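Presented below is the structure to which this report refers.
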Amino acid sequence: MNRHHWWRDAVIYQVYVRSFLDSTGDGIGDLAGVRAGLPYLRKLGVDGIWLSPFYPSPQHDHGYDVADYRDVDPVYGDLDEFDRLVTAAHRLGIRVLLDIVPNHCSSGHPWFREALAAAPGSPERARFHFVDGRGPDGSEPPNNWHAMFGGPAWTRVTEADGRPGQWYLHMFTPEQPDWNWRNPEVAAEFDQVLRFWLDRGVDGFRIDVAAGLFKHPELPDSPDPEADARTRDSVNPLAWNQPEVHDVWRHWRAVCEEYTARDGRERLLVGEVSVPSAREHAKYVRPDELHQAFFFDLLGAPWDADAFRKVISEAMQDIAGTGSTVTWVLNNHDQVRTVTRYGEPAPEGSGLGAARARAAALLMLALPGAAYIYQGEELGLPEVVDLPDDVLTDPIFRRTGSRARIRDGCRVPLPWSGQASPFGFTSGAESAKPWLPQPEYFAEYATHRALADTRSSWHLYRDGLQLRSALHQLGEGTLRWLDTQPGVLAFARGDDLVCAVNFGTAPVPAPVAGTPLLASGPCRPGELPGSTAAWWIDGS
Ligand code: GLC
């Protein structure tokens, strides 16, 4: 490859706008808050940010229910503020990715409201999946599909004459009707949406539910509805991963290339691709499709050397020949944070989860490819596990009859400074309340404190990122596994970088003599302590 493609080894920071920094004092983060936080991100050393959805939305799924794809929700600011944010980010050398949600919109979107008001069979309804029900009076859903967040994937509407009528499809909540991508109007609309934001200067898009969009044309019953109901993964083979979706990504890639041809700036498309096999996953990153697709298997792997080695080796194999690089991720706004995930079932307060999360981060940053960091990960934030039921807002909680407490605990607003909530998160009065309550122990993780303490996770991430860009070999190429004892992984990158991780709890001999370049915890010469990762330059 002659030309460096910035995204191939980029480190992108996911900003969950609602919880990053609040500039208005209403307890909800906003775009001006993101702008105020840019110097912090620049210091950290990331290449870009991905902004979670900030579009006008009734917020049934925190913005993943979009009512207008071309505007900013007043809670988060306005288009002028958005423009200021992009300008300020670019001035600091930080690229900006938006989260685009093409599988579904909000039930408050004008086109959906028009569809509700229109008659069965109308062009307005043809933009969605409106279908007659089964049974003599159409009172049973058109098929047996389950929604991802619990319950059936169909909701019945009342027609203009006041009688129960057709059903519409929603693979998530009823407030998120699925678009009908077999209707060319939908494709044309999204083409315009992409251009709207590209014209405003964005550097690319994170694509929500990128294996969705098309459904089997006949909407037949799923072969295994129990499996669909059990999991949050997209397993129904008739609802996800239909071959036609690849034409959309080819078109979107062409749109990006068109903009690059104009100004030389390469845009990035990164897909949230959940598909059953690595081979299917690789199809999404063929050279004329998405640049990147999140590789979620690392995020799903337990803290175990063999499990990590297996998913890393598979990822490297599957990416070969696609033209892309692996897109690593350990945390995001839908998952329990690593500190807590890796801590279980370790005794509380043992610090094991925190040590392992730091080690995993150093491992991820040593791998070839790109990496995504979720806000707060760099502070070593644990999951907030004891939020009271009445503050939980994740629709999964509601729709599973209060069984699944999954996504609120990683979305608690960031602590910036001070000893008590709101920890500098809101610029409002002391009494201003963050939209999710912050626990007292967040004081230990505040960014001000982290920046002042060279042993903090923040410094580990910062140093890792600095070294990563200094050692240009890190993003590209492959890795060579080194022989180690069980429970330890070690690999070499390029000519001389070695990364080793001790998944056990007792120290082991270090694979390279001498002091490590960087380590996730204190190391004695010649030794790699338990739950620790380190990088060395192997001069031997
Ligand atoms: C993706 C998002 C998640 C959202 C869902 C529906 O999985 O990451 O937060 O709820 O799509 O849009």
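Going through the structure tokens in order, the chains are called A, B, and so on, while each chain numbers its residues from 1 and the ligands are numbered from 1 in the order shown.
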Which protein, DNA or RNA residues have an atom within 7 Å of ligand 1, counting only C-alpha atoms and all ligand atoms, as a PyMOL selection string? chain A and resi 61+64-65+101+172+208-209+333-334
I need the chosen residues saved as a PDB file, in the first residue's frame, with N, CA, C and O atoms.
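Output below, filename selection.pdb:
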```pdb
ATOM      1  N   ASP A  61     -35.028   5.290  22.857  1.00  0.00           N
ATOM      2  CA  ASP A  61     -33.807   4.475  22.920  1.00  0.00           C
ATOM      3  C   ASP A  61     -32.607   5.424  22.833  1.00  0.00           C
ATOM      4  O   ASP A  61     -31.671   5.208  22.078  1.00  0.00           O
ATOM      5  N   TYR A  64     -31.478   6.523  19.354  1.00  0.00           N
ATOM      6  CA  TYR A  64     -31.492   5.521  18.278  1.00  0.00           C
ATOM      7  C   TYR A  64     -32.917   5.374  17.728  1.00  0.00           C
ATOM      8  O   TYR A  64     -33.240   4.411  17.038  1.00  0.00           O
ATOM      9  N   ASP A  65     -33.749   6.339  18.049  1.00  0.00           N
ATOM     10  CA  ASP A  65     -35.092   6.470  17.474  1.00  0.00           C
ATOM     11  C   ASP A  65     -35.123   7.892  16.901  1.00  0.00           C
ATOM     12  O   ASP A  65     -35.437   8.845  17.580  1.00  0.00           O
ATOM     13  N   VAL A 101     -28.423   5.905  11.707  1.00  0.00           N
ATOM     14  CA  VAL A 101     -29.327   4.818  12.102  1.00  0.00           C
ATOM     15  C   VAL A 101     -30.266   4.495  10.927  1.00  0.00           C
ATOM     16  O   VAL A 101     -31.379   5.013  10.852  1.00  0.00           O
ATOM     17  N   PHE A 172     -36.660  -3.585  16.915  1.00  0.00           N
ATOM     18  CA  PHE A 172     -36.281  -3.141  18.260  1.00  0.00           C
ATOM     19  C   PHE A 172     -37.577  -2.806  19.015  1.00  0.00           C
ATOM     20  O   PHE A 172     -38.427  -3.668  19.119  1.00  0.00           O
ATOM     21  N   ASP A 208     -25.315   2.122  12.502  1.00  0.00           N
ATOM     22  CA  ASP A 208     -26.052   1.322  13.470  1.00  0.00           C
ATOM     23  C   ASP A 208     -26.684   0.121  12.764  1.00  0.00           C
ATOM     24  O   ASP A 208     -27.212   0.252  11.657  1.00  0.00           O
ATOM     25  N   VAL A 209     -26.611  -1.045  13.412  1.00  0.00           N
ATOM     26  CA  VAL A 209     -27.295  -2.251  12.920  1.00  0.00           C
ATOM     27  C   VAL A 209     -27.026  -2.479  11.431  1.00  0.00           C
ATOM     28  O   VAL A 209     -27.939  -2.630  10.609  1.00  0.00           O
ATOM     29  N   HIS A 333     -21.365   1.526  24.555  1.00  0.00           N
ATOM     30  CA  HIS A 333     -22.516   1.976  25.350  1.00  0.00           C
ATOM     31  C   HIS A 333     -23.586   0.897  25.526  1.00  0.00           C
ATOM     32  O   HIS A 333     -24.638   1.178  26.112  1.00  0.00           O
ATOM     33  N   ASP A 334     -23.361  -0.280  24.982  1.00  0.00           N
ATOM     34  CA  ASP A 334     -24.347  -1.364  25.103  1.00  0.00           C
ATOM     35  C   ASP A 334     -23.856  -2.487  26.010  1.00  0.00           C
ATOM     36  O   ASP A 334     -24.551  -3.493  26.163  1.00  0.00           O
TER      37      ASP A 334
END
```
Each segment 379-403 of chain A residue no farther than 9 Å from segment 438-442 of chain A, nearest pair in Å, only C-alpha atoms, as a Markdown table:
```
| residue | atom | partner | partner_atom | distance |
| --- | --- | --- | --- | --- |
| A:Leu381 | CA | A:Phe442 | CA | 7.8 |
| A:Val384 | CA | A:Pro439 | CA | 7.5 |
| A:Asp386 | CA | A:Pro439 | CA | 8.9 |
| A:Leu387 | CA | A:Pro439 | CA | 8.8 |
```
Take the residues from that selection and put them in a file with all heavy atoms, as a compact mmCIF listing (two decimals), in the first residue's frame.
```
# COMPACT_ATOMS: atom_id res chain seq x y z
N LEU A 381 -13.17 3.42 34.61
CA LEU A 381 -14.48 3.44 35.28
C LEU A 381 -15.08 2.04 35.35
O LEU A 381 -15.11 1.33 34.34
CB LEU A 381 -15.47 4.30 34.49
CG LEU A 381 -15.59 5.78 34.77
CD1 LEU A 381 -16.81 6.34 34.03
CD2 LEU A 381 -15.70 6.08 36.26
N VAL A 384 -21.65 0.92 36.84
CA VAL A 384 -22.42 1.26 38.04
C VAL A 384 -23.51 0.18 38.16
O VAL A 384 -24.44 0.14 37.36
CB VAL A 384 -23.03 2.67 37.94
CG1 VAL A 384 -23.82 2.99 39.20
CG2 VAL A 384 -21.92 3.69 37.73
N ASP A 386 -25.45 -0.68 40.84
CA ASP A 386 -26.55 -0.62 41.82
C ASP A 386 -27.50 0.55 41.58
O ASP A 386 -28.03 1.15 42.51
CB ASP A 386 -25.97 -0.55 43.23
CG ASP A 386 -24.90 0.54 43.34
OD1 ASP A 386 -24.68 1.24 42.32
OD2 ASP A 386 -24.30 0.68 44.41
N LEU A 387 -27.73 0.88 40.31
CA LEU A 387 -28.70 1.95 40.03
C LEU A 387 -30.10 1.47 40.44
O LEU A 387 -30.47 0.34 40.13
CB LEU A 387 -28.69 2.27 38.53
CG LEU A 387 -27.44 2.98 38.00
CD1 LEU A 387 -27.44 2.98 36.47
CD2 LEU A 387 -27.36 4.40 38.52
```
Just the strand (DSSP E) stuff from segment 428-526 of chain A, please, per backbone DSSP, written as a count of residues only. 19
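Of note, atom CA of Leu198 of chain A and atom CA of Leu268 of chain A are spaced 11.0 Å apart.
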Considering only C-alpha atoms, return as a short mmCIF file (atom, residue, chain, number, x, y, z; two decimals) with C-alpha atoms, in the first residue's frame whatever protein or nucleic-acid residues lie within 10 Å of Pro237 of chain A, sequence-local ones (same chain, fewer than 4 positions apart) excluded.
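Result written to around-v2.cif:
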```cif
data_model
loop_
_atom_site.label_atom_id
_atom_site.label_comp_id
_atom_site.auth_asym_id
_atom_site.auth_seq_id
_atom_site.Cartn_x
_atom_site.Cartn_y
_atom_site.Cartn_z
CA LYS A 215 -35.66 -8.54 5.44
CA HIS A 216 -36.51 -11.68 3.50
CA SER A 222 -38.26 -17.74 11.62
CA PRO A 223 -36.99 -21.32 11.86
CA ASP A 224 -36.01 -20.92 15.52
CA ASP A 228 -34.39 -15.27 18.51
CA ASN A 241 -27.80 -10.27 6.94
CA GLN A 242 -29.74 -10.41 3.67
CA VAL A 275 -23.54 -11.78 11.98
CA PRO A 276 -23.26 -15.49 12.78
#
```
Excluding segment 200-207 of chain A and any residue of its chain fewer than 3 positions from it, enumerate the residues within 9 Å of it, using only C-alpha atoms, and give them as an NGL selection string. :A and (48 or 50-52 or 82-83 or 86-87 or 95-102 or 194-197 or 210 or 256 or 265-273)
Exercise: segment 480-483 of chain A partners within 8 Å, only C-alpha atoms, chain neighbours under 5 positions left out, as a list in words: Leu489, Ala490, Phe491, Ala492 and Arg493 of chain A
Take the residues from that selection and put them in a file with N, CA and C atoms, as an mmCIF file, in the first residue's frame.
```
data_model
loop_
_atom_site.group_PDB
_atom_site.id
_atom_site.type_symbol
_atom_site.label_atom_id
_atom_site.label_comp_id
_atom_site.auth_asym_id
_atom_site.auth_seq_id
_atom_site.Cartn_x
_atom_site.Cartn_y
_atom_site.Cartn_z
ATOM 1 N N LEU A 489 0.017 -14.852 27.181
ATOM 2 C CA LEU A 489 0.085 -14.634 25.730
ATOM 3 C C LEU A 489 1.218 -13.667 25.456
ATOM 4 N N ALA A 490 1.974 -13.966 24.398
ATOM 5 C CA ALA A 490 3.019 -13.024 23.985
ATOM 6 C C ALA A 490 3.070 -13.040 22.476
ATOM 7 N N PHE A 491 3.235 -11.853 21.912
ATOM 8 C CA PHE A 491 3.370 -11.794 20.457
ATOM 9 C C PHE A 491 4.326 -10.689 20.071
ATOM 10 N N ALA A 492 4.919 -10.879 18.885
ATOM 11 C CA ALA A 492 5.841 -9.877 18.361
ATOM 12 C C ALA A 492 5.166 -9.151 17.223
ATOM 13 N N ARG A 493 5.459 -7.863 17.132
ATOM 14 C CA ARG A 493 4.922 -7.035 16.058
ATOM 15 C C ARG A 493 6.093 -6.398 15.333
#
```
Polymer residues at most 6 Å from Tyr168 of chain A, only C-alpha atoms, same-chain spacing of 6 or more positions, as an NGL selection string: :A and (129-130 or 154-155)
Extract, using only C-alpha atoms, all DNA, RNA and protein residues at most 10 Å from segment 513-520 of chain A, discarding same-chain residues fewer than 3 positions from it, and format them as a PyMOL selection string. chain A and resi 355-363+455-457+459-461+463-464+467+497-501+509-510+523-529+531-540
Export of the given selection (N, CA and C atoms) as a compact mmCIF listing (two decimals), in the first residue's frame:
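The resulting file, selection.txt, is reproduced below:
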```txt
# COMPACT_ATOMS: atom_id res chain seq x y z
N ALA A 355 -7.22 -4.23 37.16
CA ALA A 355 -5.89 -4.59 36.62
C ALA A 355 -6.05 -5.30 35.28
N ARG A 356 -7.03 -6.19 35.20
CA ARG A 356 -7.23 -6.92 33.94
C ARG A 356 -7.69 -5.99 32.83
N ALA A 357 -8.56 -5.05 33.16
CA ALA A 357 -9.04 -4.12 32.13
C ALA A 357 -7.87 -3.29 31.58
N ARG A 358 -6.95 -2.89 32.45
CA ARG A 358 -5.77 -2.13 31.99
C ARG A 358 -4.91 -3.01 31.09
N ALA A 359 -4.74 -4.27 31.51
CA ALA A 359 -3.91 -5.18 30.71
C ALA A 359 -4.55 -5.41 29.34
N ALA A 360 -5.88 -5.58 29.34
CA ALA A 360 -6.58 -5.82 28.07
C ALA A 360 -6.42 -4.61 27.14
N ALA A 361 -6.45 -3.41 27.73
CA ALA A 361 -6.31 -2.21 26.91
C ALA A 361 -4.94 -2.18 26.24
N LEU A 362 -3.91 -2.52 27.01
CA LEU A 362 -2.56 -2.50 26.44
C LEU A 362 -2.42 -3.57 25.35
N LEU A 363 -3.06 -4.69 25.59
CA LEU A 363 -3.07 -5.74 24.56
C LEU A 363 -3.75 -5.22 23.30
N ARG A 455 0.11 7.21 37.62
CA ARG A 455 -0.20 5.77 37.63
C ARG A 455 -1.64 5.47 37.19
N SER A 456 -2.36 6.51 36.79
CA SER A 456 -3.77 6.31 36.46
C SER A 456 -3.94 5.59 35.12
N SER A 457 -5.13 5.03 34.93
CA SER A 457 -5.44 4.41 33.63
C SER A 457 -5.30 5.43 32.51
N HIS A 459 -3.20 7.78 32.12
CA HIS A 459 -1.80 7.88 31.65
C HIS A 459 -1.40 6.64 30.86
N LEU A 460 -1.92 5.49 31.26
CA LEU A 460 -1.61 4.28 30.52
C LEU A 460 -2.13 4.39 29.08
N TYR A 461 -3.38 4.83 28.96
CA TYR A 461 -3.96 5.00 27.61
C TYR A 461 -3.18 6.06 26.83
N ASP A 463 -0.09 7.10 27.21
CA ASP A 463 1.25 6.62 26.83
C ASP A 463 1.15 5.57 25.73
N GLY A 464 0.15 4.70 25.85
CA GLY A 464 -0.05 3.67 24.82
C GLY A 464 -0.32 4.30 23.46
N LEU A 467 2.92 5.97 22.11
CA LEU A 467 3.88 4.99 21.59
C LEU A 467 3.37 4.38 20.29
N LEU A 497 8.90 -5.13 18.43
CA LEU A 497 8.01 -4.90 19.56
C LEU A 497 7.42 -6.22 20.05
N VAL A 498 7.48 -6.41 21.37
CA VAL A 498 6.87 -7.60 21.96
C VAL A 498 5.84 -7.14 22.98
N CYS A 499 4.66 -7.76 22.93
CA CYS A 499 3.63 -7.50 23.94
C CYS A 499 3.33 -8.82 24.63
N ALA A 500 3.28 -8.81 25.95
CA ALA A 500 2.92 -10.04 26.68
C ALA A 500 1.87 -9.70 27.73
N VAL A 501 0.98 -10.65 27.95
CA VAL A 501 -0.09 -10.49 28.94
C VAL A 501 -0.11 -11.73 29.82
N PRO A 509 8.11 -15.39 34.46
CA PRO A 509 9.29 -14.73 33.88
C PRO A 509 8.88 -13.92 32.65
N ALA A 510 9.42 -12.73 32.51
CA ALA A 510 9.09 -11.89 31.35
C ALA A 510 9.70 -12.50 30.09
N CYS A 523 6.17 -3.48 37.35
CA CYS A 523 6.87 -4.71 36.95
C CYS A 523 8.29 -4.67 37.49
N ARG A 524 8.75 -5.81 38.03
CA ARG A 524 10.17 -5.91 38.38
C ARG A 524 10.92 -6.43 37.17
N PRO A 525 12.20 -6.05 37.00
CA PRO A 525 12.94 -6.52 35.83
C PRO A 525 12.87 -8.05 35.73
N GLY A 526 12.64 -8.53 34.53
CA GLY A 526 12.64 -9.97 34.29
C GLY A 526 11.35 -10.66 34.69
N GLU A 527 10.37 -9.89 35.18
CA GLU A 527 9.16 -10.53 35.69
C GLU A 527 7.91 -9.86 35.12
N LEU A 528 6.90 -10.67 34.83
CA LEU A 528 5.59 -10.11 34.44
C LEU A 528 4.57 -10.54 35.49
N PRO A 529 4.14 -9.60 36.33
CA PRO A 529 3.20 -9.95 37.41
C PRO A 529 1.86 -10.43 36.86
N SER A 531 -2.13 -10.57 35.99
CA SER A 531 -3.10 -9.57 35.52
C SER A 531 -2.41 -8.32 34.98
N THR A 532 -1.31 -8.52 34.31
CA THR A 532 -0.53 -7.39 33.81
C THR A 532 -0.12 -7.63 32.36
N ALA A 533 -0.07 -6.53 31.60
CA ALA A 533 0.46 -6.59 30.23
C ALA A 533 1.62 -5.63 30.13
N ALA A 534 2.55 -5.91 29.24
CA ALA A 534 3.67 -4.99 29.04
C ALA A 534 4.15 -5.05 27.59
N TRP A 535 4.81 -3.96 27.19
CA TRP A 535 5.42 -3.88 25.86
C TRP A 535 6.93 -3.73 26.06
N TRP A 536 7.69 -4.42 25.24
CA TRP A 536 9.14 -4.26 25.23
C TRP A 536 9.62 -4.05 23.81
N ILE A 537 10.76 -3.41 23.70
CA ILE A 537 11.48 -3.44 22.42
C ILE A 537 12.52 -4.54 22.59
N ASP A 538 12.44 -5.54 21.75
CA ASP A 538 13.35 -6.68 21.86
C ASP A 538 14.59 -6.42 21.02
N GLY A 539 15.65 -6.02 21.69
CA GLY A 539 16.89 -5.69 20.98
C GLY A 539 17.72 -6.91 20.68
N SER A 540 17.34 -8.08 21.22
CA SER A 540 18.23 -9.24 21.11
C SER A 540 18.25 -9.83 19.70
```
Report the distance between atom CA of Arg398 of chain A and atom CA of Phe112 of chain A in Å, rounded to one decimal place. 23.4 Å
Please measure the separation of atom CA of Pro413 of chain A and atom CA of His448 of chain A, giving the value in Å to one decimal.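 Computing it gives 15.1 Å between the two atoms.
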Taking the DSSP secondary structure from the backbone, can you list the residues of segment 51-269 of chain A that are helix (DSSP H, G or I), as a ChimeraX atom specification? /A:79-91,110-117,125-127,184-199,225-230,245-263
Residues just named, written with C-alpha atoms as a short mmCIF file (atom, residue, chain, number, x, y, z; two decimals), in the first residue's frame:
```cif
data_model
loop_
_atom_site.label_atom_id
_atom_site.label_comp_id
_atom_site.auth_asym_id
_atom_site.auth_seq_id
_atom_site.Cartn_x
_atom_site.Cartn_y
_atom_site.Cartn_z
CA LEU A 79 -26.81 22.89 13.83
CA ASP A 80 -24.68 25.98 14.47
CA GLU A 81 -23.28 24.37 17.57
CA PHE A 82 -22.65 21.22 15.57
CA ASP A 83 -20.70 23.23 12.99
CA ARG A 84 -18.66 24.85 15.74
CA LEU A 85 -17.85 21.44 17.16
CA VAL A 86 -16.65 20.08 13.82
CA THR A 87 -14.52 23.16 13.19
CA ALA A 88 -12.98 23.02 16.66
CA ALA A 89 -12.29 19.28 16.38
CA HIS A 90 -10.63 19.64 13.00
CA ARG A 91 -8.50 22.48 14.28
CA PRO A 110 -42.96 12.53 9.81
CA TRP A 111 -42.91 9.71 7.25
CA PHE A 112 -44.09 7.21 9.83
CA ARG A 113 -46.84 9.52 10.98
CA GLU A 114 -47.92 9.94 7.36
CA ALA A 115 -47.89 6.16 7.00
CA LEU A 116 -50.13 5.76 10.05
CA ALA A 117 -52.60 8.27 8.66
CA ARG A 125 -47.07 2.76 4.07
CA ALA A 126 -44.72 1.25 1.48
CA ARG A 127 -41.75 3.02 3.12
CA PRO A 184 -36.07 3.11 -3.60
CA GLU A 185 -37.40 6.22 -1.86
CA VAL A 186 -35.77 5.05 1.36
CA ALA A 187 -32.38 4.54 -0.27
CA ALA A 188 -32.64 7.94 -1.95
CA GLU A 189 -33.51 9.61 1.34
CA PHE A 190 -30.44 8.16 3.09
CA ASP A 191 -28.24 9.15 0.17
CA GLN A 192 -29.35 12.73 0.84
CA VAL A 193 -28.85 12.40 4.59
CA LEU A 194 -25.27 11.24 4.07
CA ARG A 195 -24.58 14.17 1.80
CA PHE A 196 -26.19 16.60 4.22
CA TRP A 197 -23.64 15.72 6.91
CA LEU A 198 -20.70 15.21 4.56
CA ASP A 199 -21.36 18.72 3.25
CA PRO A 225 -38.10 -18.29 17.31
CA GLU A 226 -36.93 -19.51 20.73
CA ALA A 227 -33.33 -18.70 19.82
CA ASP A 228 -34.39 -15.27 18.51
CA ALA A 229 -36.16 -14.56 21.78
CA ARG A 230 -33.27 -15.72 23.96
CA VAL A 245 -27.55 -5.01 2.14
CA HIS A 246 -24.13 -5.18 0.51
CA ASP A 247 -25.39 -3.07 -2.42
CA VAL A 248 -26.19 -0.30 0.05
CA TRP A 249 -22.69 -0.33 1.52
CA ARG A 250 -21.19 -0.28 -1.99
CA HIS A 251 -23.24 2.78 -2.74
CA TRP A 252 -22.34 4.52 0.53
CA ARG A 253 -18.66 3.76 -0.08
CA ALA A 254 -18.99 5.31 -3.54
CA VAL A 255 -20.54 8.44 -2.00
CA CYS A 256 -17.59 8.70 0.40
CA GLU A 257 -15.11 8.22 -2.45
CA GLU A 258 -16.89 10.97 -4.37
CA TYR A 259 -16.20 13.40 -1.51
CA THR A 260 -12.61 12.21 -1.20
CA ALA A 261 -12.08 12.79 -4.91
CA ARG A 262 -13.18 16.39 -4.35
CA ASP A 263 -11.02 17.33 -1.39
#
```
Pick from A:Gln292, A:Ser234, A:Thr426, A:Gln485: nearest to Thr322 of chain A, with only C-alpha atoms counted?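 For Thr322 of chain A, the nearest of the given residues is A:Gln292.
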